[in-house]
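Pasting start-v7.txt here (compact mmCIF, C-alpha atoms):
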```txt
# COMPACT_ATOMS: atom_id res chain seq x y z
CA MET H 1 60.03 22.95 6.91
CA LYS H 2 60.42 25.81 4.51
CA LEU H 3 57.88 26.58 1.81
CA PHE H 4 60.33 27.16 -1.00
CA LYS H 5 64.10 27.01 -1.51
CA LYS H 6 66.37 28.27 -4.25
CA SER H 7 67.51 24.73 -5.01
CA ASP H 8 63.90 23.80 -5.81
CA LEU H 9 64.28 25.62 -9.12
CA VAL H 10 66.94 23.11 -10.13
CA VAL H 11 64.62 20.18 -9.49
CA ILE H 12 61.72 21.83 -11.30
CA SER H 13 63.90 22.66 -14.31
CA ALA H 14 65.10 19.06 -14.39
CA ILE H 15 61.53 17.77 -14.46
CA LEU H 16 60.50 20.20 -17.19
CA LEU H 17 63.58 19.39 -19.27
CA LEU H 18 62.83 15.69 -18.90
CA SER H 19 59.27 16.19 -20.17
CA LEU H 20 60.53 18.26 -23.06
CA GLY H 21 63.09 15.58 -23.89
CA ILE H 22 60.51 12.81 -23.91
CA TRP H 23 58.15 14.87 -26.05
CA VAL H 24 60.82 15.74 -28.61
CA TRP H 25 62.09 12.16 -28.78
CA TYR H 26 58.59 10.83 -29.26
CA LYS H 27 57.74 13.31 -32.00
CA ALA H 28 61.00 12.67 -33.86
CA TYR H 29 60.85 8.92 -33.60
CA TYR H 30 57.22 8.40 -34.45
CA SER H 31 55.97 11.23 -36.60
CA GLN H 32 57.24 9.96 -39.94
CA THR H 33 55.58 6.57 -40.07
CA PRO H 34 52.05 5.88 -41.29
CA VAL H 35 49.63 5.15 -38.50
CA MET H 36 46.79 2.85 -37.70
CA ALA H 37 44.15 2.90 -35.01
CA ALA H 38 43.93 -0.18 -32.79
CA ILE H 39 40.51 -0.57 -31.28
CA TYR H 40 40.09 -2.64 -28.14
CA TYR H 41 37.01 -3.94 -26.35
CA ASN H 42 37.74 -4.85 -22.72
CA SER H 43 41.47 -5.20 -23.42
CA GLU H 44 40.95 -7.48 -26.42
CA LEU H 45 42.02 -6.22 -29.81
CA VAL H 46 38.96 -5.95 -31.98
CA ASP H 47 40.13 -4.14 -35.09
CA THR H 48 43.02 -2.21 -36.59
CA ILE H 49 42.17 0.50 -39.07
CA SER H 50 44.52 2.37 -41.31
CA LEU H 51 44.30 6.12 -40.84
CA GLU H 52 45.89 6.90 -44.17
CA GLY H 53 43.14 9.29 -45.08
CA GLY H 54 40.07 8.62 -47.06
CA ARG H 55 36.44 9.27 -46.65
CA GLU H 56 35.13 10.56 -43.40
CA ARG H 57 32.93 7.91 -41.88
CA ASP H 58 31.25 6.94 -38.64
CA PHE H 59 31.27 3.42 -37.29
CA SER H 60 31.02 1.40 -34.11
CA ILE H 61 32.39 -1.97 -33.17
CA GLY H 62 30.12 -5.01 -33.18
CA GLN H 63 30.67 -5.68 -29.47
CA ASN H 64 29.30 -2.35 -28.32
CA ARG H 65 27.04 -0.27 -30.47
CA ASN H 66 26.61 2.45 -27.86
CA VAL H 67 29.90 4.07 -28.85
CA VAL H 68 30.40 5.73 -32.21
CA LEU H 69 33.84 6.47 -33.64
CA ARG H 70 34.57 8.73 -36.58
CA LEU H 71 37.42 8.51 -39.08
CA TYR H 72 38.38 11.90 -40.44
CA SER H 73 39.81 12.61 -43.88
CA ASP H 74 42.89 14.23 -42.30
CA GLY H 75 43.97 10.89 -40.86
CA SER H 76 42.64 11.11 -37.34
CA ILE H 77 40.04 9.25 -35.33
CA ALA H 78 37.81 10.37 -32.51
CA PHE H 79 34.94 9.27 -30.29
CA VAL H 80 31.86 11.18 -31.36
CA LYS H 81 28.96 9.55 -29.60
CA SER H 82 28.64 7.58 -26.39
CA ASP H 83 26.01 6.78 -23.80
CA CYS H 84 28.41 7.21 -20.88
CA ARG H 85 27.82 9.83 -18.24
CA ASP H 86 31.02 11.84 -18.29
CA LYS H 87 31.76 11.82 -22.04
CA LEU H 88 35.48 11.87 -21.31
CA CYS H 89 36.09 9.79 -24.43
CA ILE H 90 34.53 12.41 -26.66
CA ARG H 91 36.37 15.21 -24.89
CA SER H 92 39.70 13.49 -25.63
CA GLY H 93 39.34 14.80 -29.14
CA LYS H 94 41.04 13.68 -32.31
CA LEU H 95 43.83 11.13 -32.08
CA ARG H 96 46.50 11.03 -34.70
CA THR H 97 50.00 10.55 -33.22
CA VAL H 98 51.45 7.16 -32.33
CA GLY H 99 50.93 6.44 -28.66
CA GLN H 100 47.89 8.66 -28.25
CA SER H 101 44.90 6.91 -26.85
CA ALA H 102 41.41 7.53 -25.63
CA ALA H 103 38.97 5.29 -23.87
CA CYS H 104 35.35 5.06 -22.86
CA LEU H 105 35.91 3.17 -19.63
CA PRO H 106 32.24 2.51 -18.79
CA ASN H 107 31.72 0.97 -22.23
CA GLY H 108 35.05 -0.81 -22.34
CA VAL H 109 36.02 0.65 -25.70
CA SER H 110 39.51 2.05 -26.14
CA VAL H 111 41.45 3.30 -29.12
CA LYS H 112 45.21 3.53 -29.43
CA ILE H 113 47.25 4.88 -32.32
CA ILE H 114 50.02 2.54 -33.47
CA ARG H 115 52.49 2.40 -36.30
CA GLN H 116 51.46 0.63 -39.45
CA LYS H 117 52.68 -2.91 -39.17
CA THR H 118 55.19 -3.43 -41.96
CA SER H 119 57.69 -5.62 -40.15
CA ASP H 120 57.70 -7.98 -37.22
CA ASP H 121 58.64 -5.56 -34.51
CA ASP H 122 55.88 -5.52 -31.93
CA LEU H 123 57.07 -2.54 -29.93
CA ASP H 124 53.69 -0.91 -29.64
CA ILE H 125 51.55 -3.80 -28.59
CA VAL H 126 51.73 -4.61 -24.92
CA ILE H 127 51.06 -8.26 -24.32
CA GLY H 128 49.40 -9.18 -21.11
CA MET W 1 37.05 18.77 38.76
CA LYS W 2 38.43 16.93 35.81
CA ASP W 3 35.53 18.09 33.63
CA ASN W 4 36.23 21.75 34.21
CA ALA W 5 39.93 21.37 33.51
CA PHE W 6 39.12 19.71 30.20
CA LYS W 7 36.72 22.48 29.18
CA GLU W 8 39.16 25.12 30.28
CA ASN W 9 42.00 23.73 28.23
CA THR W 10 39.90 23.08 25.14
CA PHE W 11 38.77 26.67 24.89
CA LYS W 12 42.13 28.04 25.89
CA CYS W 13 43.98 26.39 23.04
CA PHE W 14 42.21 28.41 20.37
CA GLY W 15 43.42 31.73 21.63
CA GLN W 16 46.78 30.99 23.20
CA PRO W 17 48.96 28.43 21.46
CA ASP W 18 51.56 28.63 24.20
CA GLU W 19 49.24 27.03 26.71
CA ILE W 20 49.68 23.39 27.49
CA ILE W 21 46.91 21.68 25.58
CA HIS W 22 45.03 18.80 27.10
CA PRO W 23 46.08 15.73 25.06
CA ILE W 24 42.54 14.60 24.34
CA SER W 25 41.47 17.91 22.86
CA LYS W 26 44.36 17.73 20.40
CA LYS W 27 43.09 14.39 19.14
CA ILE W 28 39.58 15.76 18.81
CA ILE W 29 40.85 18.71 16.82
CA ARG W 30 42.65 16.35 14.48
CA VAL W 31 39.59 14.18 13.93
CA VAL W 32 37.39 17.22 13.31
CA LEU W 33 39.90 18.61 10.84
CA THR W 34 40.04 15.27 9.04
CA GLY W 35 36.26 15.40 8.68
CA LEU W 36 36.40 18.97 7.37
CA LEU W 37 39.14 18.06 4.92
CA PHE W 38 37.08 15.13 3.67
CA ALA W 39 34.15 17.47 3.07
CA ALA W 40 36.50 19.79 1.18
CA ALA W 41 37.71 16.82 -0.87
CA ILE W 42 34.14 15.99 -1.85
CA VAL W 43 33.48 19.56 -2.94
CA LEU W 44 36.73 19.70 -4.94
CA SER W 45 35.92 16.37 -6.55
CA ILE W 46 32.47 17.56 -7.62
CA ALA W 47 33.91 20.84 -8.90
CA GLU W 48 36.58 19.04 -10.90
CA ASN W 49 34.00 16.80 -12.54
CA SER W 50 31.62 19.63 -13.39
CA LEU W 51 34.18 21.92 -14.97
CA GLN W 52 35.11 20.87 -18.46
CA LEU W 53 38.84 20.58 -17.84
CA PRO W 54 41.19 19.39 -20.59
CA ILE W 55 41.91 15.67 -20.73
CA LEU W 56 45.48 14.80 -19.79
CA ALA W 57 45.39 11.05 -20.35
CA PRO W 58 42.67 8.38 -20.30
CA GLY W 59 41.25 8.00 -16.80
CA VAL W 60 43.58 10.57 -15.25
CA LYS W 61 41.95 13.44 -13.40
CA LEU W 62 43.60 16.72 -12.50
CA GLY W 63 43.79 15.70 -8.86
CA LEU W 64 42.49 18.87 -7.22
CA ALA W 65 41.13 16.85 -4.35
CA ASN W 66 44.53 15.33 -3.64
CA VAL W 67 45.51 18.70 -2.22
CA VAL W 68 43.45 17.72 0.79
CA VAL W 69 45.53 14.61 1.38
CA MET W 70 48.72 16.68 1.19
CA TYR W 71 47.45 19.11 3.80
CA ALA W 72 46.45 16.22 6.05
CA LEU W 73 49.98 14.86 5.77
CA PHE W 74 51.55 18.24 6.56
CA PHE W 75 49.30 19.24 9.43
CA LEU W 76 47.77 16.12 10.92
CA GLY W 77 50.19 13.28 10.35
CA LYS W 78 50.60 10.11 8.31
CA LYS W 79 47.68 8.21 9.81
CA HIS W 80 45.14 10.90 8.96
CA ALA W 81 46.57 11.28 5.46
CA PHE W 82 46.04 7.56 4.82
CA VAL W 83 42.52 7.71 6.27
CA LEU W 84 41.66 10.54 3.91
CA THR W 85 43.12 8.69 0.93
CA VAL W 86 40.93 5.67 1.66
CA LEU W 87 37.86 7.85 2.31
CA LYS W 88 38.32 9.63 -1.01
CA ALA W 89 38.67 6.33 -2.83
CA LEU W 90 35.50 5.03 -1.13
CA PHE W 91 33.67 8.16 -2.17
CA ALA W 92 34.82 7.70 -5.77
CA PHE W 93 33.79 4.04 -5.59
CA ILE W 94 30.30 4.90 -4.36
CA THR W 95 29.62 7.80 -6.71
CA ARG W 96 31.52 6.91 -9.89
CA GLY W 97 31.98 3.16 -9.75
CA PRO W 98 34.62 0.54 -8.93
CA VAL W 99 37.04 1.50 -11.68
CA ALA W 100 37.06 5.11 -10.51
CA GLY W 101 37.57 3.91 -6.93
CA ILE W 102 40.61 1.85 -7.88
CA ILE W 103 42.10 4.71 -9.89
CA SER W 104 41.57 7.12 -7.00
CA LEU W 105 43.09 4.72 -4.48
CA SER W 106 46.06 4.03 -6.70
CA GLY W 107 46.81 7.71 -7.29
CA GLY W 108 46.20 8.68 -3.68
CA LEU W 109 48.36 5.92 -2.16
CA ALA W 110 51.20 6.53 -4.59
CA SER W 111 51.13 10.22 -3.72
CA VAL W 112 51.07 9.75 0.06
CA ILE W 113 53.75 7.06 0.10
CA ILE W 114 56.15 9.09 -2.04
CA MET W 115 55.61 12.20 0.06
CA ILE W 116 56.24 10.28 3.28
CA LEU W 117 59.38 8.72 1.82
CA LEU W 118 60.67 12.11 0.69
CA SER W 119 60.05 13.69 4.07
CA ILE W 120 61.81 10.79 5.82
CA ILE W 121 64.82 10.72 3.51
CA PHE W 122 65.39 14.46 3.35
CA ARG W 123 64.01 15.46 6.77
CA ASP W 124 63.84 19.23 6.89
CA LYS W 125 65.93 19.81 3.79
CA VAL W 126 62.96 19.30 1.48
CA SER W 127 60.53 22.16 0.98
CA TYR W 128 56.74 22.11 0.87
CA LEU W 129 56.92 23.08 -2.80
CA ILE W 130 58.93 20.03 -3.81
CA LEU W 131 56.73 17.75 -1.70
CA SER W 132 53.60 19.16 -3.33
CA ILE W 133 55.03 18.81 -6.81
CA PHE W 134 56.13 15.22 -6.30
CA GLY W 135 52.82 14.46 -4.63
CA ALA W 136 50.91 15.79 -7.62
CA ILE W 137 53.13 14.02 -10.17
CA THR W 138 52.97 10.65 -8.43
CA HIS W 139 49.22 11.08 -8.02
CA ASN W 140 48.86 11.31 -11.80
CA LEU W 141 51.34 8.49 -12.39
CA GLY W 142 49.49 6.29 -9.91
CA GLN W 143 46.23 6.94 -11.72
CA LEU W 144 47.86 6.18 -15.06
CA ALA W 145 49.34 2.96 -13.67
CA ALA W 146 45.90 1.83 -12.50
CA VAL W 147 44.36 2.59 -15.90
CA SER W 148 47.20 0.74 -17.64
CA PHE W 149 46.74 -2.24 -15.34
CA ILE W 150 43.00 -2.49 -15.94
CA TYR W 151 43.10 -1.74 -19.65
CA THR W 152 46.33 -3.46 -20.55
CA ASN W 153 46.84 -1.84 -23.90
CA LEU W 154 46.94 1.81 -22.93
CA ILE W 155 50.45 2.09 -21.49
CA ALA W 156 52.27 4.79 -23.42
CA LEU W 157 55.19 7.06 -22.71
CA VAL W 158 53.49 9.71 -24.80
CA HIS W 159 51.43 10.80 -21.78
CA LEU W 160 54.41 11.37 -19.51
CA PRO W 161 55.34 14.93 -20.56
CA VAL W 162 51.82 16.23 -20.03
CA LEU W 163 51.54 14.53 -16.66
CA LEU W 164 54.91 15.80 -15.47
CA VAL W 165 54.15 19.40 -16.42
CA SER W 166 50.65 19.38 -14.98
CA GLY W 167 52.08 17.82 -11.81
CA VAL W 168 54.52 20.70 -11.49
CA LEU W 169 51.76 23.27 -11.99
CA THR W 170 49.30 21.63 -9.62
CA GLY W 171 52.02 21.13 -7.01
CA ALA W 172 53.05 24.77 -7.28
CA ALA W 173 49.45 25.94 -6.91
CA THR W 174 49.03 23.73 -3.85
CA ALA W 175 52.16 25.13 -2.25
CA VAL W 176 51.06 28.70 -2.90
CA LEU W 177 47.71 28.05 -1.21
CA LEU W 178 49.57 26.39 1.65
CA ARG W 179 51.21 29.70 2.48
CA PHE W 180 47.86 31.09 3.56
CA PHE W 181 46.95 28.09 5.66
CA ILE W 182 50.13 27.72 7.71
CA PRO W 183 49.58 30.66 10.10
CA ALA W 184 45.99 29.59 10.76
CA VAL W 185 46.99 26.00 11.43
CA ASN W 186 49.84 27.01 13.72
CA LYS W 187 47.36 28.91 15.83
CA LEU W 188 45.47 25.70 16.46
CA GLY W 189 48.55 24.47 18.23
CA LEU W 190 48.61 21.00 16.77
CA LYS W 191 52.37 20.59 16.56
```

Entire entry expressed as structure tokens:
Amino acid sequence: MKLFKKSDLVVISAILLLSLGIWVWYKAYYSQTPVMAAIYYNSELVDTISLEGGRERDFSIGQNRNVVLRLYSDGSIAFVKSDCRDKLCIRSGKLRTVGQSAACLPNGVSVKIIRQKTSDDDLDIVIG
Amino acid sequence: MKDNAFKENTFKCFGQPDEIIHPISKKIIRVVLTGLLFAAAIVLSIAENSLQLPILAPGVKLGLANVVVMYALFFLGKKHAFVLTVLKALFAFITRGPVAGIISLSGGLASVIIMILLSIIFRDKVSYLILSIFGAITHNLGQLAAVSFIYTNLIALVHLPVLLVSGVLTGAATAVLLRFFIPAVNKLGLK
């Protein structure tokens, strides 16, 4: 088996173009709408918070006080404190675009950015 | 005596790949290599967790250790690749917990199965580079699928572009490293 063939470049370009396409489509389709943060505890929706900007504040959900989330005035949300070992949730940084998510798996807390619910279309909530 | 012939052939095979290798010594070499690769996987896993690498998607790791499974598939065969996948998942289960174990198993199995399918469908027409890239991509996708299954609300297409690109990069890096291993492995006379 050869290490590398000329035709490999075609496949690689196709993959990269596909990623670019998905990224562009996502940005175009979702960047204009106001967003909310959906907070889940162990797959159950606990709260939805509008990210429309406002005061910067820290909070945690009633089910698990070991995890602290912060709402920023620029309309993003992030994990800022957690008692987990790896701190992957905190390292995920600020979330602001629809579809972005972060989770503290050991604590069961996850946050997903969704569109502000103005109509009945439930495209962003996965049931099940 | 049979003993002497065995010893003779075992030591011969390291210097002269053209010699006929005693069938048992080949098996032993494979098992030893599997053990070494597992040790390498542990080291890579620890390294990946200590370095503060950027987060691609919730629960998804960069998959440095999956390189080991790819090499097992290329040099040792399907059985050993599966064994390593399970061993890695067990290691993740013991050190990082059941969720991490499931994610590791999911990514590892997806990667191995896709690579085996590709090598069966395309035979020799597929290159190591493409196999590595698809192995890396499906490893990430498998991990993401496991995370989405456990935490049912995190499925999102938004993570796909990042995973695809990082899969291409990781796969390319793996294939580049492979270039240095092939001559050494050929000398062992496993094929």

Handout entry: Residues within 12 Å of (24.9, -2.2, -28.5), counting all atoms listed in the file, listed as a list of chain:residue names
Key =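 Counting all atoms listed in the file, I find these residues within 12 Å of (24.9, -2.2, -28.5): H:Ser60, H:Ile61, H:Gly62, H:Gln63, H:Asn64, H:Arg65, H:Asn66, H:Val67, H:Val68, H:Ser82, H:Asp83, H:Asn107, H:Gly108, H:Val109.
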
With all atoms listed in the file counted and 9 Å as the cut-off, give the residues of chain H in contact with chain W, each with its shortest interatomic distance in Å and the pair that gives it, as a tab-separated table.
```
residue	atom	partner	partner_atom	distance
H:Met1	CA	W:Asp124	CA	5.3
H:Lys2	CA	W:Ser127	CA	5.1
H:Leu3	CA	W:Tyr128	CA	4.7
H:Phe4	CA	W:Ser127	CA	5.4
H:Lys5	CA	W:Ser127	CA	6.5
H:Asp8	CA	W:Ile130	CA	6.6
H:Val11	CA	W:Ile130	CA	8.0
H:Ile12	CA	W:Val168	CA	7.3
H:Ile15	CA	W:Leu164	CA	7.0
H:Leu16	CA	W:Val165	CA	6.4
H:Leu18	CA	W:Pro161	CA	7.7
H:Ser19	CA	W:Pro161	CA	4.1
H:Leu20	CA	W:Pro161	CA	6.7
H:Gly21	CA	W:Pro161	CA	8.5
H:Ile22	CA	W:Pro161	CA	6.5
H:Trp23	CA	W:Pro161	CA	6.2
H:Tyr26	CA	W:Val158	CA	6.9
H:Tyr40	CA	W:Asn153	CA	8.0
H:Asn42	CA	W:Tyr151	CA	6.9
H:Ser43	CA	W:Tyr151	CA	5.4
H:Glu44	CA	W:Asn153	CA	8.5
H:Leu45	CA	W:Asn153	CA	8.8
H:Asp86	CA	W:Asn49	CA	8.2
H:Leu88	CA	W:Ile55	CA	7.5
H:Cys89	CA	W:Pro58	CA	7.9
H:Arg91	CA	W:Ile55	CA	6.9
H:Ser92	CA	W:Ile55	CA	5.8
H:Gly93	CA	W:Ile55	CA	8.8
H:Val98	CA	W:Val158	CA	8.2
H:Gly99	CA	W:Ala156	CA	5.7
H:Gln100	CA	W:Val158	CA	6.7
H:Ser101	CA	W:Leu154	CA	6.7
H:Ala102	CA	W:Pro58	CA	5.5
H:Ala103	CA	W:Pro58	CA	6.0
H:Cys104	CA	W:Pro58	CA	8.4
H:Leu105	CA	W:Gly59	CA	7.7
H:Pro106	CA	W:Val99	CA	8.6
H:Gly108	CA	W:Tyr151	CA	8.5
H:Ser110	CA	W:Leu154	CA	8.1
H:Val111	CA	W:Leu154	CA	8.4
H:Lys112	CA	W:Leu154	CA	6.9
H:Asp124	CA	W:Ala156	CA	8.6
H:Ile125	CA	W:Asn153	CA	6.9
H:Val126	CA	W:Asn153	CA	5.7
H:Ile127	CA	W:Asn153	CA	7.7
H:Gly128	CA	W:Thr152	CA	6.5
```

Exercise for the section: Calculate how many Å separate atom CA of Ala65 of chain W from atom CA of Ser25 of chain W, rounding to one decimal. Expected result: 27.2 Å

For Ala37 of chain H, work out the shell of residues within 9 Å, counting all atoms listed in the file and skipping chain neighbours fewer than 6 positions away, then give it as a short mmCIF file (atom, residue, chain, number, x, y, z; two decimals) with C-alpha atoms, in the frame of the given file.
```cif
data_model
loop_
_atom_site.label_atom_id
_atom_site.label_comp_id
_atom_site.auth_asym_id
_atom_site.auth_seq_id
_atom_site.Cartn_x
_atom_site.Cartn_y
_atom_site.Cartn_z
CA ASP H 47 40.13 -4.14 -35.09
CA THR H 48 43.02 -2.21 -36.59
CA ILE H 49 42.17 0.50 -39.07
CA SER H 50 44.52 2.37 -41.31
CA LEU H 51 44.30 6.12 -40.84
CA SER H 76 42.64 11.11 -37.34
CA ILE H 77 40.04 9.25 -35.33
CA LEU H 95 43.83 11.13 -32.08
CA ARG H 96 46.50 11.03 -34.70
CA VAL H 98 51.45 7.16 -32.33
CA VAL H 111 41.45 3.30 -29.12
CA LYS H 112 45.21 3.53 -29.43
CA ILE H 113 47.25 4.88 -32.32
CA ILE H 114 50.02 2.54 -33.47
CA ARG H 115 52.49 2.40 -36.30
CA GLN H 116 51.46 0.63 -39.45
#
```

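Atom CA of Leu141 of chain W to atom CA of Thr34 of chain W spans 25.2 Å [interatomic distance, one decimal].
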
I'd like the neighbourhood of Ala72 of chain W as a PDB file with C-alpha atoms, in the frame of the given file, where a residue qualifies if any of its atoms comes within 8 Å (using all atoms listed in the file), though same-chain residues fewer than 4 positions away should be ignored.
```
ATOM      1  CA  THR W  34      40.040  15.270   9.040  1.00  0.00           C
ATOM      2  CA  LEU W  37      39.140  18.060   4.920  1.00  0.00           C
ATOM      3  CA  VAL W  68      43.450  17.720   0.790  1.00  0.00           C
ATOM      4  CA  LEU W  76      47.770  16.120  10.920  1.00  0.00           C
ATOM      5  CA  GLY W  77      50.190  13.280  10.350  1.00  0.00           C
ATOM      6  CA  LYS W  78      50.600  10.110   8.310  1.00  0.00           C
ATOM      7  CA  HIS W  80      45.140  10.900   8.960  1.00  0.00           C
ATOM      8  CA  ALA W  81      46.570  11.280   5.460  1.00  0.00           C
ATOM      9  CA  LEU W  84      41.660  10.540   3.910  1.00  0.00           C
TER      10      LEU W  84
END
```

Handout entry: Pairwise distance for atom CA of Val24 of chain H and atom CA of Asp74 of chain H, rounded to one decimal in Å
Key =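 Straight-line distance from atom CA of Val24 of chain H to atom CA of Asp74 of chain H works out to 22.6 Å.
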
Practice task
Would you kindly return, as an MDAnalysis selection string, each protein, DNA or RNA residue with an atom no farther than 10 Å from any atom of segment 106-111 of chain W, considering only C-alpha atoms and excluding same-chain residues fewer than 2 positions away?
Solution key: chainID W and resid 60:61 63 65:66 69:70 81:82 84:86 88:89 100:104 113:116 131:147

Using only the atoms of segment 87-93 of chain W listed in the file, plus 8 Å on each side, state the axis-aligned box centre and edge lengths in Å rounded to one decimal, as JSON.
```
{"center_x": 36.2, "center_y": 6.8, "center_z": -1.7, "size_x": 21.0, "size_y": 21.6, "size_z": 24.1}
```

Could N, CA and C atoms be built for segment 3-24 of chain H and written out as a PDB file, keeping the file's coordinate frame?
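Contents of rebuild.pdb, freshly written:
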```pdb
ATOM      1  N   LEU H   3      58.842  26.687   2.907  1.00  0.00           N
ATOM      2  CA  LEU H   3      57.880  26.580   1.810  1.00  0.00           C
ATOM      3  C   LEU H   3      58.598  26.379   0.483  1.00  0.00           C
ATOM      4  N   PHE H   4      59.725  27.075   0.321  1.00  0.00           N
ATOM      5  CA  PHE H   4      60.330  27.160  -1.000  1.00  0.00           C
ATOM      6  C   PHE H   4      61.813  27.471  -0.840  1.00  0.00           C
ATOM      7  N   LYS H   5      62.660  26.757  -1.585  1.00  0.00           N
ATOM      8  CA  LYS H   5      64.100  27.010  -1.510  1.00  0.00           C
ATOM      9  C   LYS H   5      64.634  27.289  -2.905  1.00  0.00           C
ATOM     10  N   LYS H   6      65.772  27.954  -2.958  1.00  0.00           N
ATOM     11  CA  LYS H   6      66.370  28.270  -4.250  1.00  0.00           C
ATOM     12  C   LYS H   6      66.660  26.988  -5.034  1.00  0.00           C
ATOM     13  N   SER H   7      67.128  25.969  -4.325  1.00  0.00           N
ATOM     14  CA  SER H   7      67.510  24.730  -5.010  1.00  0.00           C
ATOM     15  C   SER H   7      66.311  24.017  -5.622  1.00  0.00           C
ATOM     16  N   ASP H   8      65.096  24.408  -5.219  1.00  0.00           N
ATOM     17  CA  ASP H   8      63.900  23.800  -5.810  1.00  0.00           C
ATOM     18  C   ASP H   8      63.836  24.074  -7.303  1.00  0.00           C
ATOM     19  N   LEU H   9      64.317  25.257  -7.704  1.00  0.00           N
ATOM     20  CA  LEU H   9      64.280  25.620  -9.120  1.00  0.00           C
ATOM     21  C   LEU H   9      65.052  24.621  -9.962  1.00  0.00           C
ATOM     22  N   VAL H  10      66.142  24.095  -9.406  1.00  0.00           N
ATOM     23  CA  VAL H  10      66.940  23.110 -10.130  1.00  0.00           C
ATOM     24  C   VAL H  10      66.111  21.857 -10.389  1.00  0.00           C
ATOM     25  N   VAL H  11      65.429  21.390  -9.338  1.00  0.00           N
ATOM     26  CA  VAL H  11      64.620  20.180  -9.490  1.00  0.00           C
ATOM     27  C   VAL H  11      63.500  20.388 -10.493  1.00  0.00           C
ATOM     28  N   ILE H  12      62.832  21.540 -10.378  1.00  0.00           N
ATOM     29  CA  ILE H  12      61.720  21.830 -11.300  1.00  0.00           C
ATOM     30  C   ILE H  12      62.216  21.894 -12.736  1.00  0.00           C
ATOM     31  N   SER H  13      63.354  22.580 -12.944  1.00  0.00           N
ATOM     32  CA  SER H  13      63.900  22.660 -14.310  1.00  0.00           C
ATOM     33  C   SER H  13      64.221  21.276 -14.826  1.00  0.00           C
ATOM     34  N   ALA H  14      64.753  20.420 -13.958  1.00  0.00           N
ATOM     35  CA  ALA H  14      65.100  19.060 -14.390  1.00  0.00           C
ATOM     36  C   ALA H  14      63.855  18.321 -14.851  1.00  0.00           C
ATOM     37  N   ILE H  15      62.763  18.456 -14.084  1.00  0.00           N
ATOM     38  CA  ILE H  15      61.530  17.770 -14.460  1.00  0.00           C
ATOM     39  C   ILE H  15      61.011  18.294 -15.795  1.00  0.00           C
ATOM     40  N   LEU H  16      61.012  19.619 -15.954  1.00  0.00           N
ATOM     41  CA  LEU H  16      60.500  20.200 -17.190  1.00  0.00           C
ATOM     42  C   LEU H  16      61.360  19.815 -18.381  1.00  0.00           C
ATOM     43  N   LEU H  17      62.686  19.800 -18.177  1.00  0.00           N
ATOM     44  CA  LEU H  17      63.580  19.390 -19.270  1.00  0.00           C
ATOM     45  C   LEU H  17      63.328  17.941 -19.647  1.00  0.00           C
ATOM     46  N   LEU H  18      63.110  17.116 -18.651  1.00  0.00           N
ATOM     47  CA  LEU H  18      62.830  15.690 -18.900  1.00  0.00           C
ATOM     48  C   LEU H  18      61.568  15.545 -19.739  1.00  0.00           C
ATOM     49  N   SER H  19      60.518  16.292 -19.388  1.00  0.00           N
ATOM     50  CA  SER H  19      59.270  16.190 -20.170  1.00  0.00           C
ATOM     51  C   SER H  19      59.502  16.665 -21.596  1.00  0.00           C
ATOM     52  N   LEU H  20      60.250  17.750 -21.730  1.00  0.00           N
ATOM     53  CA  LEU H  20      60.530  18.260 -23.060  1.00  0.00           C
ATOM     54  C   LEU H  20      61.295  17.229 -23.879  1.00  0.00           C
ATOM     55  N   GLY H  21      62.283  16.596 -23.222  1.00  0.00           N
ATOM     56  CA  GLY H  21      63.090  15.580 -23.890  1.00  0.00           C
ATOM     57  C   GLY H  21      62.240  14.424 -24.393  1.00  0.00           C
ATOM     58  N   ILE H  22      61.358  13.929 -23.517  1.00  0.00           N
ATOM     59  CA  ILE H  22      60.510  12.810 -23.910  1.00  0.00           C
ATOM     60  C   ILE H  22      59.614  13.199 -25.073  1.00  0.00           C
ATOM     61  N   TRP H  23      59.055  14.401 -24.995  1.00  0.00           N
ATOM     62  CA  TRP H  23      58.150  14.870 -26.050  1.00  0.00           C
ATOM     63  C   TRP H  23      58.869  14.971 -27.387  1.00  0.00           C
ATOM     64  N   VAL H  24      60.048  15.573 -27.380  1.00  0.00           N
ATOM     65  CA  VAL H  24      60.820  15.740 -28.610  1.00  0.00           C
ATOM     66  C   VAL H  24      61.199  14.382 -29.191  1.00  0.00           C
TER      67      VAL H  24
END
```
